[in-house]
Structure formats: structure tokens, C-alpha cells
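*Asks:* Sharing entry27.csv here; it has CSV, C-alpha atoms.
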chain,number,residue,atom,x,y,z
W,1,MET,CA,49.4,-24.4,35.5
W,2,THR,CA,48.6,-20.9,36.8
W,3,HIS,CA,45.0,-20.1,37.5
W,4,HIS,CA,43.9,-16.5,37.0
W,5,PRO,CA,41.2,-15.2,39.2
W,6,ILE,CA,37.9,-14.4,37.3
W,7,SER,CA,35.8,-11.5,38.5
W,8,ARG,CA,32.3,-12.0,39.7
W,9,ARG,CA,31.0,-9.8,36.9
W,10,ALA,CA,32.9,-11.9,34.3
W,11,ARG,CA,31.5,-15.2,35.7
W,12,ALA,CA,28.0,-13.7,35.6
W,13,ALA,CA,28.4,-12.7,32.0
W,14,ALA,CA,29.7,-16.1,31.1
W,15,ALA,CA,26.6,-17.7,32.7
W,16,VAL,CA,24.3,-15.4,30.8
W,17,ALA,CA,26.0,-16.1,27.5
W,18,ALA,CA,25.8,-19.9,28.1
W,19,ALA,CA,22.1,-19.5,28.5
W,20,GLY,CA,21.8,-17.8,25.1
W,21,LEU,CA,21.1,-14.3,26.5
W,22,PHE,CA,23.1,-11.1,26.4
W,23,VAL,CA,23.2,-8.2,28.8
W,24,PRO,CA,25.7,-5.3,28.5
W,25,LEU,CA,28.4,-5.3,31.2
W,26,ALA,CA,28.6,-1.6,31.4
W,27,ALA,CA,25.8,-0.2,33.5
W,28,GLY,CA,23.5,2.1,31.6
W,29,ALA,CA,25.0,1.3,28.2
W,30,ALA,CA,22.6,2.2,25.4
W,31,PRO,CA,21.6,-0.4,22.9
W,32,ALA,CA,22.8,0.0,19.3
W,33,ALA,CA,20.3,1.8,17.0
W,34,ALA,CA,18.4,-0.4,14.7
W,35,ALA,CA,19.7,-0.4,11.1
W,36,THR,CA,17.7,1.5,8.6
W,37,PRO,CA,15.9,-0.9,6.2
W,38,GLN,CA,17.5,-1.1,2.8
W,39,VAL,CA,16.0,-1.7,-0.6
W,40,ALA,CA,16.6,-5.3,-1.7
W,41,CYS,CA,16.0,-6.4,-5.3
W,42,THR,CA,16.4,-9.7,-7.2
W,43,SER,CA,16.1,-10.3,-10.9
W,44,LYS,CA,16.6,-13.0,-13.6
W,45,THR,CA,17.8,-10.1,-15.9
W,46,ALA,CA,21.5,-9.5,-15.6
W,47,GLY,CA,22.3,-6.2,-13.9
W,48,LEU,CA,18.7,-5.1,-13.3
W,49,ALA,CA,18.5,-5.9,-9.6
W,50,ALA,CA,21.6,-3.8,-8.8
W,51,LYS,CA,20.3,-0.9,-11.0
W,52,LEU,CA,16.9,-0.9,-9.3
W,53,THR,CA,18.4,-1.1,-5.9
W,54,ALA,CA,20.7,1.9,-6.5
W,55,ASP,CA,18.0,4.0,-8.3
W,56,ILE,CA,15.2,3.4,-5.7
W,57,THR,CA,17.7,4.1,-2.9
W,58,ALA,CA,18.7,7.4,-4.7
W,59,ALA,CA,15.1,8.4,-5.2
W,60,LEU,CA,14.5,8.1,-1.4
W,61,SER,CA,17.7,9.7,-0.4
W,62,GLY,CA,17.0,12.7,1.9
W,63,ARG,CA,13.3,12.1,1.9
W,64,ALA,CA,11.6,12.4,5.3
W,65,SER,CA,8.9,9.9,4.3
W,66,THR,CA,8.9,6.5,6.0
W,67,THR,CA,8.4,4.5,2.8
W,68,ALA,CA,7.5,0.9,2.0
W,69,VAL,CA,8.1,-0.3,-1.6
W,70,LEU,CA,7.2,-3.6,-3.3
W,71,LEU,CA,7.7,-4.3,-7.0
W,72,ASN,CA,6.9,-7.5,-8.8
W,73,ASP,CA,7.6,-7.9,-12.6
W,74,ARG,CA,6.5,-11.2,-14.0
W,75,VAL,CA,8.2,-10.6,-17.4
W,76,SER,CA,11.7,-10.0,-16.2
W,77,LYS,CA,11.2,-12.1,-13.0
W,78,THR,CA,12.2,-9.1,-10.9
W,79,SER,CA,11.2,-8.1,-7.4
W,80,CYS,CA,12.2,-5.3,-5.0
W,81,VAL,CA,11.2,-4.9,-1.3
W,82,LEU,CA,11.6,-2.2,1.3
W,83,ARG,CA,9.6,-2.4,4.6
W,84,PRO,CA,7.2,-4.9,3.1
W,85,ASP,CA,5.6,-5.7,6.5
W,86,GLN,CA,5.4,-2.2,7.9
W,87,LYS,CA,1.7,-1.4,8.8
W,88,TYR,CA,0.1,1.8,7.6
W,89,ASP,CA,-3.4,3.4,7.9
W,90,SER,CA,-4.9,2.5,4.5
W,91,ALA,CA,-6.7,5.8,3.7
W,92,SER,CA,-8.5,5.3,0.4
W,93,VAL,CA,-6.2,2.6,-0.9
W,94,VAL,CA,-8.5,0.2,0.9
W,95,LYS,CA,-11.2,0.9,-1.6
W,96,ALA,CA,-9.7,-1.6,-4.0
W,97,THR,CA,-10.0,-4.2,-1.2
W,98,VAL,CA,-13.7,-3.3,-0.7
W,99,LEU,CA,-14.3,-3.8,-4.4
W,100,GLY,CA,-12.6,-7.2,-4.2
W,101,ALA,CA,-14.8,-8.2,-1.3
W,102,LEU,CA,-17.9,-7.0,-3.1
W,103,LEU,CA,-17.0,-9.0,-6.2
W,104,LEU,CA,-16.3,-12.2,-4.2
W,105,ASP,CA,-19.6,-11.8,-2.2
W,106,ALA,CA,-21.6,-11.5,-5.5
W,107,GLN,CA,-19.8,-14.5,-6.9
W,108,ARG,CA,-20.6,-16.6,-3.9
W,109,GLN,CA,-24.3,-15.6,-4.2
W,110,LYS,CA,-24.1,-16.5,-7.9
W,111,ARG,CA,-25.4,-13.1,-9.0
W,112,GLY,CA,-24.3,-10.0,-10.8
W,113,PHE,CA,-24.1,-6.5,-9.4
W,114,THR,CA,-27.3,-4.5,-8.9
W,115,GLN,CA,-27.4,-1.1,-10.6
W,116,ARG,CA,-26.9,0.5,-7.2
W,117,GLU,CA,-23.7,-1.6,-6.7
W,118,PHE,CA,-22.4,-0.7,-10.2
W,119,THR,CA,-22.8,3.0,-9.4
W,120,LEU,CA,-21.3,2.8,-5.9
W,121,ALA,CA,-18.3,0.7,-7.1
W,122,SER,CA,-17.6,3.1,-10.0
W,123,ASP,CA,-17.8,6.2,-7.8
W,124,MET,CA,-15.7,4.5,-5.1
W,125,ILE,CA,-12.8,3.6,-7.4
W,126,THR,CA,-12.8,6.2,-10.2
W,127,LYS,CA,-13.6,9.2,-8.0
W,128,SER,CA,-12.5,7.8,-4.6
W,129,ASP,CA,-15.9,8.7,-3.3
W,130,ASN,CA,-16.1,8.3,0.5
W,131,THR,CA,-19.9,8.1,0.7
W,132,ALA,CA,-20.0,5.3,-1.8
W,133,THR,CA,-17.3,3.5,0.1
W,134,SER,CA,-19.1,3.8,3.4
W,135,ALA,CA,-22.3,2.4,1.9
W,136,LEU,CA,-20.5,-0.7,0.5
W,137,TRP,CA,-18.5,-1.1,3.7
W,138,LYS,CA,-21.7,-1.2,5.7
W,139,GLN,CA,-23.4,-3.5,3.2
W,140,LEU,CA,-20.6,-6.0,3.4
W,141,GLY,CA,-19.9,-5.8,7.1
W,142,LEU,CA,-16.6,-6.9,8.7
W,143,THR,CA,-17.4,-10.6,8.4
W,144,LYS,CA,-17.5,-10.5,4.6
W,145,ILE,CA,-14.5,-8.2,4.3
W,146,LYS,CA,-12.5,-10.5,6.6
W,147,SER,CA,-13.6,-13.5,4.5
W,148,PHE,CA,-12.3,-11.8,1.4
W,149,LEU,CA,-9.0,-11.1,3.1
W,150,THR,CA,-8.7,-14.7,4.1
W,151,ALA,CA,-9.4,-15.9,0.6
W,152,ALA,CA,-6.9,-13.5,-0.8
W,153,GLY,CA,-4.2,-14.5,1.7
W,154,MET,CA,-4.0,-10.9,2.9
W,155,THR,CA,-3.1,-12.1,6.5
W,156,GLN,CA,-1.5,-8.8,7.5
W,157,THR,CA,-4.5,-6.6,6.7
W,158,VAL,CA,-6.7,-5.6,9.6
W,159,PRO,CA,-10.1,-3.9,8.8
W,160,GLY,CA,-10.8,-0.6,10.5
W,161,THR,CA,-13.5,-0.9,13.2
W,162,GLY,CA,-16.4,1.5,14.0
W,163,GLY,CA,-16.9,2.2,10.3
W,164,TYR,CA,-13.4,3.8,10.0
W,165,TRP,CA,-12.5,2.0,6.8
W,166,GLY,CA,-9.7,4.5,6.2
W,167,LEU,CA,-7.9,3.2,9.3
W,168,THR,CA,-7.6,-0.3,8.0
W,169,GLN,CA,-4.1,-1.5,8.7
W,170,ILE,CA,-2.3,-2.5,5.5
W,171,THR,CA,1.2,-3.6,4.4
W,172,ALA,CA,2.9,-3.4,1.0
W,173,ARG,CA,3.1,-7.2,1.0
W,174,ASP,CA,-0.7,-7.6,1.2
W,175,GLU,CA,-1.3,-4.8,-1.3
W,176,GLN,CA,0.8,-6.7,-3.8
W,177,LYS,CA,-1.2,-9.9,-3.1
W,178,LEU,CA,-4.3,-7.9,-3.9
W,179,LEU,CA,-2.8,-6.6,-7.2
W,180,ALA,CA,-1.7,-10.2,-8.1
W,181,LEU,CA,-5.3,-11.4,-7.4
W,182,LEU,CA,-6.5,-8.8,-10.0
W,183,THR,CA,-3.9,-9.4,-12.6
W,184,VAL,CA,-3.3,-13.2,-12.6
W,185,PRO,CA,-5.9,-15.9,-13.1
W,186,ASN,CA,-6.8,-17.5,-9.7
W,187,THR,CA,-9.4,-19.5,-7.9
W,188,VAL,CA,-10.7,-16.5,-5.8
W,189,LEU,CA,-12.0,-14.1,-8.4
W,190,LEU,CA,-13.5,-15.0,-11.8
W,191,ASP,CA,-11.7,-13.6,-14.8
W,192,GLY,CA,-14.6,-11.4,-15.7
W,193,ASN,CA,-14.6,-9.9,-12.2
W,194,ARG,CA,-10.9,-9.3,-12.2
W,195,SER,CA,-11.2,-7.5,-15.5
W,196,TYR,CA,-14.0,-5.4,-14.2
W,197,ALA,CA,-11.9,-4.3,-11.2
W,198,LEU,CA,-9.0,-3.4,-13.4
W,199,LYS,CA,-11.2,-1.5,-15.8
W,200,LEU,CA,-12.4,0.7,-13.0
W,201,MET,CA,-8.8,1.3,-11.8
W,202,SER,CA,-7.9,2.3,-15.4
W,203,LYS,CA,-10.6,5.0,-15.4
W,204,VAL,CA,-9.6,6.9,-12.3
W,205,ILE,CA,-10.1,10.6,-12.9
W,206,ALA,CA,-7.1,12.6,-14.1
W,207,SER,CA,-6.5,14.5,-10.9
W,208,GLN,CA,-6.1,11.2,-9.0
W,209,ARG,CA,-3.7,9.5,-11.5
W,210,TRP,CA,-0.6,10.6,-9.6
W,211,GLY,CA,1.8,8.2,-7.8
W,212,THR,CA,2.9,4.9,-9.2
W,213,PRO,CA,1.9,5.8,-12.8
W,214,ALA,CA,4.6,8.6,-12.9
W,215,GLY,CA,7.0,7.8,-15.7
W,216,ALA,CA,5.2,4.8,-17.0
W,217,PRO,CA,5.7,4.0,-20.7
W,218,ALA,CA,3.0,5.3,-23.1
W,219,ASP,CA,2.1,1.8,-24.4
W,220,VAL,CA,1.2,0.4,-21.0
W,221,THR,CA,-2.3,0.1,-19.5
W,222,VAL,CA,-2.3,1.9,-16.1
W,223,GLN,CA,-4.5,0.7,-13.3
W,224,VAL,CA,-4.2,2.7,-10.1
W,225,LYS,CA,-5.7,3.5,-6.7
W,226,ASN,CA,-4.3,6.1,-4.4
W,227,GLY,CA,-5.0,7.1,-0.8
W,228,TRP,CA,-4.3,10.1,1.4
W,229,LEU,CA,-5.0,10.9,5.0
W,230,SER,CA,-3.6,13.3,7.6
W,231,ARG,CA,-3.4,12.5,11.3
W,232,ALA,CA,-1.9,14.0,14.4
W,233,THR,CA,1.0,11.5,14.5
W,234,HIS,CA,3.2,10.6,11.5
W,235,GLY,CA,1.6,13.4,9.4
W,236,TRP,CA,0.2,12.6,6.0
W,237,ARG,CA,-0.3,9.0,4.9
W,238,VAL,CA,0.0,9.0,1.1
W,239,HIS,CA,-0.1,5.7,-0.8
W,240,SER,CA,-0.3,4.5,-4.4
W,241,ILE,CA,-0.8,1.0,-5.8
W,242,GLY,CA,-0.6,0.3,-9.5
W,243,ALA,CA,-0.8,-2.5,-12.1
W,244,PHE,CA,0.9,-2.0,-15.5
W,245,THR,CA,-0.1,-4.4,-18.2
W,246,GLY,CA,-0.4,-4.9,-21.9
W,247,ASN,CA,2.0,-4.8,-24.8
W,248,GLY,CA,4.4,-7.2,-23.1
W,249,HIS,CA,4.2,-5.4,-19.7
W,250,ASP,CA,3.1,-7.2,-16.6
W,251,TYR,CA,4.2,-5.6,-13.3
W,252,THR,CA,2.7,-4.2,-10.1
W,253,ILE,CA,4.0,-1.5,-7.8
W,254,THR,CA,3.0,-0.6,-4.2
W,255,VAL,CA,4.4,2.5,-2.5
W,256,LEU,CA,3.1,3.3,1.0
W,257,THR,CA,4.3,6.4,3.0
W,258,TRP,CA,3.8,8.4,6.2
W,259,ASP,CA,5.8,11.0,8.0
W,260,ASN,CA,4.9,13.5,5.2
W,261,ALA,CA,4.5,17.1,6.2
W,262,THR,CA,2.0,17.6,3.4
W,263,MET,CA,0.1,15.5,0.9
W,264,ASP,CA,2.2,16.8,-1.9
W,265,TYR,CA,5.4,15.8,-0.2
W,266,GLY,CA,4.2,12.2,-0.1
W,267,VAL,CA,3.2,12.3,-3.7
W,268,THR,CA,6.6,13.6,-4.7
W,269,THR,CA,8.3,10.7,-2.8
W,270,ILE,CA,6.1,8.1,-4.4
W,271,GLN,CA,6.6,9.6,-7.9
W,272,ALA,CA,10.4,9.6,-7.5
W,273,VAL,CA,10.3,5.9,-6.7
W,274,ALA,CA,7.9,5.2,-9.6
W,275,ARG,CA,10.0,7.0,-12.2
W,276,ALA,CA,13.1,5.1,-11.1
W,277,ILE,CA,11.2,1.8,-11.4
W,278,HIS,CA,9.6,2.5,-14.8
W,279,LYS,CA,12.9,3.8,-16.2
W,280,ASP,CA,14.8,0.7,-15.2
W,281,LEU,CA,12.2,-1.8,-16.3
W,282,ASN,CA,11.6,0.0,-19.6
W,283,PRO,CA,14.8,1.9,-20.5
W,284,ALA,CA,13.7,2.4,-24.1
W,285,THR,CA,10.1,3.6,-23.6
W,286,ALA,CA,9.8,5.0,-20.1
W,287,ARG,CA,8.8,8.7,-19.9
W,288,SER,CA,10.5,11.4,-18.0
W,289,ALA,CA,7.2,13.1,-17.8
W,290,GLY,CA,4.0,11.5,-16.6
W,291,VAL,CA,4.1,13.2,-13.2
W,292,VAL,CA,0.7,14.4,-12.0
W,293,ALA,CA,0.4,17.3,-9.5
W,294,PRO,CA,-2.6,16.6,-7.4
W,295,PRO,CA,-4.9,19.5,-6.4
W,296,ALA,CA,-3.6,21.7,-3.6
W,297,VAL,CA,-6.7,20.7,-1.7
W,298,PRO,CA,-8.0,17.1,-2.2
W,299,GLN,CA,-11.2,17.1,-4.2
W,300,GLU,CA,-12.9,14.9,-1.7
W,301,ALA,CA,-13.3,14.8,2.1
W,302,LEU,CA,-10.6,12.8,3.8
W,303,PRO,CA,-11.6,9.4,5.2
W,304,ALA,CA,-13.2,9.8,8.6
W,305,THR,CA,-11.1,9.2,11.8
W,306,PRO,CA,-11.9,9.4,15.5
W,307,GLU,CA,-10.1,12.8,15.5
W,308,THR,CA,-12.3,14.2,12.8
W,309,ALA,CA,-15.4,12.8,14.5
W,310,ALA,CA,-14.5,14.5,17.8
W,311,ARG,CA,-13.9,17.8,16.0
W,312,ASP,CA,-17.2,17.6,14.1
W,313,ALA,CA,-19.0,16.9,17.4
W,314,ILE,CA,-17.5,20.0,19.0
W,315,GLN,CA,-18.4,22.2,16.0
W,316,ALA,CA,-21.9,20.9,16.1
W,317,THR,CA,-22.4,22.1,19.7
W,318,ARG,CA,-21.3,25.7,18.9
Take the structure I supplied and represent it as C-alpha cells, if you would.
*Replies:*
Amino acid sequence: MTHHPISRRARAAAAVAAAGLFVPLAAGAAPAAAATPQVACTSKTAGLAAKLTADITAALSGRASTTAVLLNDRVSKTSCVLRPDQKYDSASVVKATVLGALLLDAQRQKRGFTQREFTLASDMITKSDNTATSALWKQLGLTKIKSFLTAAGMTQTVPGTGGYWGLTQITARDEQKLLALLTVPNTVLLDGNRSYALKLMSKVIASQRWGTPAGAPADVTVQVKNGWLSRATHGWRVHSIGAFTGNGHDYTITVLTWDNATMDYGVTTIQAVARAIHKDLNPATARSAGVVAPPAVPQEALPATPETAARDAIQATR
């Protein structure tokens, strides 16, 4: 038998491979680029998963937004996911979580809301009022907010510190858990409290009803909460979570985005995804309209960030 000499480099590579590791043999070789996440759908309805996958992918084609999507439809047993565990600054979407925490805290104390809490909760959800949110965030404190997250199984959500509730870290997966908590009977929130939260989300003012409701059928009850925030990195964060119920409908949609040059760009991305989803789930009744153009300038102040605090401090000294 002829023995062929093995180079030192080959022997080293073999030893590394045997240890379960890999290093490139070529010095300075660049690692392969990570694959771009793809939309993945499943469904008990024949052909629906493939259609949703293709249509959501087409809706996002060419968009600069880094987008996370999660859909759950309990009627057709359908789900779609894209970047479900990507973390985003929450912006005002966290206000639905604050409401959940307030409801659970009142439950545990075996009491109803005070008139002040009713007013603050309504302003926080229907108008996305920041002052009301800050008051409830302070009232609850991080301990009670974290306690709600634990009860809700929202293990990926990290509350913002220093009062910066808009910088709470959220994922599409956890936002879907929140929507499920509001739309399905459970042991965390009483049915009456779930209904109250959904009622507020159904009464969001017209200028803030953009996003996931775009293209929803006319016979559906729309419950929505949106968020928007601009920062120095990744541009605008623009998010929308929605629950669509009644008349045989029972599905929830979360779309989170960043890397948007403007707020409107993010809104357009979200609404393209939403229209595709509503059309595929409701081919006979989905609307091509239903798109809401938000005001050119948000009607409220953006959630506070360390950057805005520093800017305000500088302006105060001038």
C-alpha cells in the first residue's frame, strides 16, 4: 500500500474537524453572509400557507425596512412568522402592555379602576397620550410591570429603565402573546378586563388607525395599537399590533419595523403586509382600501429617549 504524505495544514484541519470545530484553511477568508430571514407560514387550509408566504414576501420586496411579522389565525389554524425574536424599541406599542399590567394589578388588589385610572388608560390607548402613560408607568413601577410580563409569558420583553418606557425592548413573538391574552380566555386576565382593553383599542382615534387594519374586511371588529419613534440609529421605529374579531373572524397581526427613513415609509411597509394578510384570509370580503395616511407630523410628542433629554437640557441652558 502506498502512503501519501499529508501536509501539516491538512493534519491540523482534520484535528479541528474531529473536535467539532471549523476554521477556514485560507488565511483571511471572509465568512459567508448570513441568510436573509424568510417568511414562513403554516395552515390547515389547503394552499393558504403558500399564498401568504408569497404575498407577504412580495409586499416586503424592495423595502428598506427591517421587518418582523407574526400572524395567528385561530379559525383557519394559520400562522406566519418573520424575525419573530428580533428586538425593537417599543415606542408607543408598549402602552397596551402598560394597560395589561394595570388591569392585573387592580385584579390582584380585588378592586376596580379609580376615575383617574379610567381617564389615564383611555387617553393612553385611544389617543396614545404620553403624559398619561408616564403617570401609569410611574404608578406601577418596574416590579409590577415585570410581574405582568412574567404572568403573560412575555419572556423576551425588557422594560425601559429610567422612565423611558418607549425604549422597552419587544419582539413580535411577545406582542402576539399579549394579543392572545386579550382575545382568548385565560387565567391571567378576567374576561371583563380583557373586554375593556379591547374596547379601548377599538376606539383609537381615526388618525392613529393606520397599520395592521389596512385592508381589513368591513365586518370585522378592529382593535389596534401603534407606535412610532425616531432615533439616531436604525431611523424610525414604526410598529402596529392588531386583533381582528367578530363575525367568524379571530386573528391577530403584529408588524414591527425599523430602518425607516421616515415615519410614513414605515407605515407604508406595515400596510402593504397587512393588506396581503387580510386579502388572503378573507378573499371574498377584504377591502383594497382601508389604508390610513397618518398626519405628516405626529399629533403627539414622541416617546422620550436619552437623546431627546440631552437636547432639551441643552436648549434649556440657552
*Asks:* So, with only C-alpha atoms as the atoms that count, which of W:Val224, W:Leu136, W:Val39, W:Ala206 lies closest to Leu71 in chain W?
*Replies:*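 Among W:Val224, W:Leu136, W:Val39, W:Ala206, it is W:Val39 that comes nearest to Leu71 in chain W.
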*Asks:* Given only C-alpha atoms as the basis, pick out the residue of W:Trp210, W:Trp228, W:Tyr251, W:Trp137 nearest to Ile277 in chain W.
*Replies:*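 With only C-alpha atoms as the atom set, the closest residue is W:Tyr251.
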*Asks:* Per residue of range 137-197 of chain W within 12 Å of range 119-126 of chain W, record the nearest atom pair and its distance in Å to one decimal, counting all atoms listed in the file, with rows in chain order and ascending residue number, as JSON lines.
*Replies:*
{"residue": "W:Trp137", "atom": "CA", "partner": "W:Leu120", "partner_atom": "CA", "distance": 10.7}
{"residue": "W:Gln139", "atom": "CA", "partner": "W:Leu120", "partner_atom": "CA", "distance": 11.3}
{"residue": "W:Tyr196", "atom": "CA", "partner": "W:Ser122", "partner_atom": "CA", "distance": 10.1}
{"residue": "W:Ala197", "atom": "CA", "partner": "W:Ile125", "partner_atom": "CA", "distance": 8.8}
*Asks:* Residues of the last selection are to be written out with C-alpha atoms, as a PDB file, in the coordinates of the input.
*Replies:*
ATOM      1  CA  TRP W 137     -18.500  -1.100   3.700  1.00  0.00           C
ATOM      2  CA  GLN W 139     -23.400  -3.500   3.200  1.00  0.00           C
ATOM      3  CA  TYR W 196     -14.000  -5.400 -14.200  1.00  0.00           C
ATOM      4  CA  ALA W 197     -11.900  -4.300 -11.200  1.00  0.00           C
TER       5      ALA W 197
END
*Asks:* In Å to one decimal, how far is CA of Arg231 in chain W from CA of Leu302 in chain W?
*Replies:* 10.4 Å
*Asks:* Quick one: contact table of range 242-294 of chain W to range 168-177 of chain W, 12 Å max, nearest atom pair and distance in Å to one decimal per residue, counting all atoms listed in the file, chain and number order, as CSV?
*Replies:*
residue,atom,partner,partner_atom,distance
W:Gly242,CA,W:Gln176,CA,9.1
W:Ala243,CA,W:Gln176,CA,9.4
W:Tyr251,CA,W:Gln176,CA,10.1
W:Thr252,CA,W:Gln176,CA,7.0
W:Ile253,CA,W:Gln176,CA,7.3
W:Thr254,CA,W:Ala172,CA,5.9
W:Val255,CA,W:Ala172,CA,7.0
W:Leu256,CA,W:Ala172,CA,6.7
W:Thr257,CA,W:Ala172,CA,10.1
*Asks:* Have a look at W:Val273, W:Leu167, W:Ile205, W:Leu48 and name the one nearest to Ser128 in chain W; count only C-alpha atoms.
*Replies:*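 So, comparing all the options, the nearest one is W:Ile205.
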*Asks:* Restricting the calculation to all atoms listed in the file, which member of W:Ala284, W:Cys41, W:Asp250, W:Asn260 is positioned closest to Val184 in chain W?
*Replies:*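 Of the candidates, the smallest distance to Val184 in chain W is held by W:Asp250.
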*Asks:* List the spatial neighbours of Gly112 in chain W as a list in words - criterion: any atom at most 9 Å away, only C-alpha atoms, same-chain residues fewer than 4 positions off excluded.
*Replies:* Leu103, Ala106 and Gln107 of chain W
*Asks:* Considering only C-alpha atoms, state which residue in the set W:Thr285, W:Thr161, W:Asn226, W:Thr212 is at the smallest distance from Pro306 in chain W.
*Replies:*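 When distances to Pro306 in chain W are compared using only C-alpha atoms, the smallest one comes from W:Thr161.
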*Asks:* Restricting the calculation to all atoms listed in the file: of W:Pro283, W:Pro84, W:Pro185, W:Gly141, which residue gets closest to Gly215 in chain W?
*Replies:* W:Pro283
*Asks:* Skipping near chain neighbours, those fewer than 2 positions away, what residues fall within 12 Å of Leu149 in chain W using all atoms listed in the file, listed as a CSV table (one decimal) with C-alpha atoms, in the frame of the given file?
*Replies:*
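The result, stored in part_26.csv:
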chain,number,residue,atom,x,y,z
W,94,VAL,CA,-8.5,0.2,0.9
W,96,ALA,CA,-9.7,-1.6,-4.0
W,97,THR,CA,-10.0,-4.2,-1.2
W,98,VAL,CA,-13.7,-3.3,-0.7
W,99,LEU,CA,-14.3,-3.8,-4.4
W,100,GLY,CA,-12.6,-7.2,-4.2
W,101,ALA,CA,-14.8,-8.2,-1.3
W,102,LEU,CA,-17.9,-7.0,-3.1
W,104,LEU,CA,-16.3,-12.2,-4.2
W,105,ASP,CA,-19.6,-11.8,-2.2
W,142,LEU,CA,-16.6,-6.9,8.7
W,143,THR,CA,-17.4,-10.6,8.4
W,144,LYS,CA,-17.5,-10.5,4.6
W,145,ILE,CA,-14.5,-8.2,4.3
W,146,LYS,CA,-12.5,-10.5,6.6
W,147,SER,CA,-13.6,-13.5,4.5
W,151,ALA,CA,-9.4,-15.9,0.6
W,152,ALA,CA,-6.9,-13.5,-0.8
W,153,GLY,CA,-4.2,-14.5,1.7
W,154,MET,CA,-4.0,-10.9,2.9
W,155,THR,CA,-3.1,-12.1,6.5
W,156,GLN,CA,-1.5,-8.8,7.5
W,157,THR,CA,-4.5,-6.6,6.7
W,158,VAL,CA,-6.7,-5.6,9.6
W,159,PRO,CA,-10.1,-3.9,8.8
W,168,THR,CA,-7.6,-0.3,8.0
W,170,ILE,CA,-2.3,-2.5,5.5
W,174,ASP,CA,-0.7,-7.6,1.2
W,175,GLU,CA,-1.3,-4.8,-1.3
W,177,LYS,CA,-1.2,-9.9,-3.1
W,178,LEU,CA,-4.3,-7.9,-3.9
W,181,LEU,CA,-5.3,-11.4,-7.4
W,188,VAL,CA,-10.7,-16.5,-5.8
*Asks:* What separation in Å, quoted to one decimal, exists between CA of Gly248 in chain W and CA of Arg83 in chain W?
*Replies:*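 Computing it gives 28.6 Å between the two atoms.
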*Asks:* Could you jot down the CA of Ala58 in chain W to CA of Ala276 in chain W separation for me, Å, one decimal place?
*Replies:*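 Answer for the CA of Ala58 in chain W to CA of Ala276 in chain W separation: 8.8 Å.
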*Asks:* Any chance you could build range 123-137 of chain W out to N, CA, C and O atoms and write it as a JSON list (two decimals), keeping the file's coordinate frame?
*Replies:*
[["chain", "number", "residue", "atom", "x", "y", "z"],
["W", 123, "ASP", "N", -18.11, 4.94, -8.48],
["W", 123, "ASP", "CA", -17.80, 6.20, -7.80],
["W", 123, "ASP", "C", -16.66, 5.97, -6.75],
["W", 123, "ASP", "O", -15.80, 6.83, -6.58],
["W", 124, "MET", "N", -16.67, 4.83, -6.10],
["W", 124, "MET", "CA", -15.70, 4.50, -5.10],
["W", 124, "MET", "C", -14.26, 4.45, -5.68],
["W", 124, "MET", "O", -13.30, 4.98, -5.11],
["W", 125, "ILE", "N", -14.12, 3.82, -6.84],
["W", 125, "ILE", "CA", -12.80, 3.60, -7.40],
["W", 125, "ILE", "C", -12.39, 4.80, -8.33],
["W", 125, "ILE", "O", -11.29, 5.36, -8.18],
["W", 126, "THR", "N", -13.24, 5.19, -9.26],
["W", 126, "THR", "CA", -12.80, 6.20, -10.20],
["W", 126, "THR", "C", -12.75, 7.60, -9.65],
["W", 126, "THR", "O", -11.93, 8.42, -10.08],
["W", 127, "LYS", "N", -13.59, 7.90, -8.64],
["W", 127, "LYS", "CA", -13.60, 9.20, -8.00],
["W", 127, "LYS", "C", -13.12, 9.20, -6.57],
["W", 127, "LYS", "O", -13.03, 10.24, -5.93],
["W", 128, "SER", "N", -12.87, 8.02, -6.04],
["W", 128, "SER", "CA", -12.50, 7.80, -4.60],
["W", 128, "SER", "C", -13.56, 8.42, -3.71],
["W", 128, "SER", "O", -13.26, 9.04, -2.69],
["W", 129, "ASP", "N", -14.81, 8.18, -4.05],
["W", 129, "ASP", "CA", -15.90, 8.70, -3.30],
["W", 129, "ASP", "C", -16.08, 8.04, -1.94],
["W", 129, "ASP", "O", -16.23, 6.82, -1.87],
["W", 130, "ASN", "N", -16.07, 8.84, -0.89],
["W", 130, "ASN", "CA", -16.10, 8.30, 0.50],
["W", 130, "ASN", "C", -17.53, 7.80, 0.84],
["W", 130, "ASN", "O", -17.68, 6.79, 1.53],
["W", 131, "THR", "N", -18.55, 8.52, 0.41],
["W", 131, "THR", "CA", -19.90, 8.10, 0.70],
["W", 131, "THR", "C", -20.25, 6.77, 0.13],
["W", 131, "THR", "O", -20.85, 5.90, 0.78],
["W", 132, "ALA", "N", -19.83, 6.56, -1.11],
["W", 132, "ALA", "CA", -20.00, 5.30, -1.80],
["W", 132, "ALA", "C", -19.31, 4.16, -1.03],
["W", 132, "ALA", "O", -19.84, 3.06, -0.84],
["W", 133, "THR", "N", -18.09, 4.46, -0.60],
["W", 133, "THR", "CA", -17.30, 3.50, 0.10],
["W", 133, "THR", "C", -17.97, 3.08, 1.43],
["W", 133, "THR", "O", -18.07, 1.89, 1.77],
["W", 134, "SER", "N", -18.43, 4.08, 2.16],
["W", 134, "SER", "CA", -19.10, 3.80, 3.40],
["W", 134, "SER", "C", -20.33, 2.96, 3.26],
["W", 134, "SER", "O", -20.61, 2.06, 4.06],
["W", 135, "ALA", "N", -21.07, 3.21, 2.17],
["W", 135, "ALA", "CA", -22.30, 2.40, 1.90],
["W", 135, "ALA", "C", -21.93, 0.96, 1.63],
["W", 135, "ALA", "O", -22.59, 0.04, 2.15],
["W", 136, "LEU", "N", -20.89, 0.71, 0.85],
["W", 136, "LEU", "CA", -20.50, -0.70, 0.50],
["W", 136, "LEU", "C", -19.85, -1.34, 1.73],
["W", 136, "LEU", "O", -20.05, -2.53, 1.96],
["W", 137, "TRP", "N", -19.09, -0.59, 2.51],
["W", 137, "TRP", "CA", -18.50, -1.10, 3.70],
["W", 137, "TRP", "C", -19.56, -1.61, 4.69],
["W", 137, "TRP", "O", -19.46, -2.70, 5.26]]
